[in-house]
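First the structure, in the form of structure tokens, and then the observations on it.
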Amino acid sequence: MNWLAEKTIRTYLISWLALLTLLAVTLASAYLPLGVFNAAINLTVSVTQAAIVLLFSMHLRSAHPTLRIVAASGFVGIAILIALSLSDVLTR
Amino acid sequence: MMGRRMASAVSFLAPQFDDIEQQKGASKLGIWIFLATEILFFGVLFAAYTLTRVQHPAAFAAGSRLTNVTLASINTAVLLTSSLTMALGVHAAQCGARRALVGWLSLTVGLGIAFLAVKGIEYRIDYVEHLVPKINFQYPGEQGGAVELFFYLYFVVTGVHALHVLIGVTVICVMAVMASKGVFRSDYFTPVDVTALYWHLVDIIWLFVYPVLYLVSRS
């Protein structure tokens, strides 16, 4: 039990450090002239950070599949909304 | 001792559930369905942002450069840290450590209030710099209308997010009071667990708000 507790705390601390490191990466990358890659890096970092929070802090890594499906449904819905809306605006 | 503990765990059981595990599963499913609707709620704002930005890329770059990236970056670190203290709070609840739980929850509340305070300072700076649409918006260059559109989105998205932080802070305060009264035990802490999930989601939403509003075209 003690070993498990230590492991859990270590997981939280490592994800926190990873999240702060990614924050530094996304902020620093914004000051480099990379064209479209600026937005690409920002978005990739955000998705990675969100994945870390979802999997470790929100325990989706060990959650029941039903919970994972429900959690994914919101993101999938938004992806469809944005993709279909863009397909209109970008092809006018 | 064992008998008393079992009896107290059973007393948390609502009549519609067979056992504590089933009740906990229902609470978790409930909060995740709510969180999915929250993702859709903010997602619509992100969709509006994406479509407007695609149509006015230069104005969004100009608008983003007028936001306060230093305060926003500090706030991102504050919110990420509050997520850590919240997770450690849940862990303390799991271990039945009452004082540690109250401590972590209080720290999370403190960080949440710090986030809101910084946000308030930021809004004040925006006001002084004439960036508030409909109230005092002024933009000297061309495309002023499109830059104003960016600031409409900026205030709606950050405002609604701040409201979520405020709700989170309030609920965590309630959890801290309940914890200090000894309501939670290592075999029953679902309200803390569910509150933490909400708090982490508010954190995730900010992780997307931050780059799309503050980091566009800084170079």
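Just remember, in the structure tokens the first chain shown is A, the second B, etc., residues are 1-based per chain, and ligands are 1-based in the order shown.
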
Could you write out as number ranges by chain the residues of chain B within 6 Å of chain A, counting only C-alpha atoms?
B: 36, 39-40, 43, 47, 197, 204, 207-208, 215, 218-219

Same residues, C-alpha atoms, output as a PDB file, in the first residue's frame:
ATOM      1  CA  ALA B  36     -18.637  15.642 -22.263  1.00  0.00           C
ATOM      2  CA  ILE B  39     -16.450  19.881 -23.847  1.00  0.00           C
ATOM      3  CA  LEU B  40     -19.231  20.424 -26.404  1.00  0.00           C
ATOM      4  CA  GLY B  43     -16.044  23.283 -28.323  1.00  0.00           C
ATOM      5  CA  ALA B  47     -15.406  26.201 -33.588  1.00  0.00           C
ATOM      6  CA  LEU B 197     -12.592  15.504 -12.379  1.00  0.00           C
ATOM      7  CA  ILE B 204      -7.728  21.089 -19.882  1.00  0.00           C
ATOM      8  CA  LEU B 207      -4.674  24.438 -22.054  1.00  0.00           C
ATOM      9  CA  PHE B 208      -6.447  25.080 -25.385  1.00  0.00           C
ATOM     10  CA  LEU B 215       0.275  32.729 -28.711  1.00  0.00           C
ATOM     11  CA  ARG B 218       4.217  36.251 -31.493  1.00  0.00           C
ATOM     12  CA  SER B 219       7.335  35.953 -33.663  1.00  0.00           C
TER      13      SER B 219
END

Quick one: pick out all alpha helix (DSSP H) residues within segment 14-201 of chain B from a backbone DSSP run and write them as a PyMOL selection string.
chain B and resi 20-55+57-65+69-94+98-128+144-180+190-201

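Among B:Val132, B:Leu213, B:Val171, B:Val160, the residue with the shortest atom-to-atom distance to Phe42 of chain B, counting only C-alpha atoms, is B:Val160.
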
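In this structure, atom CA of Thr85 of chain B sits 16.2 Å away from atom CA of Phe189 of chain B.
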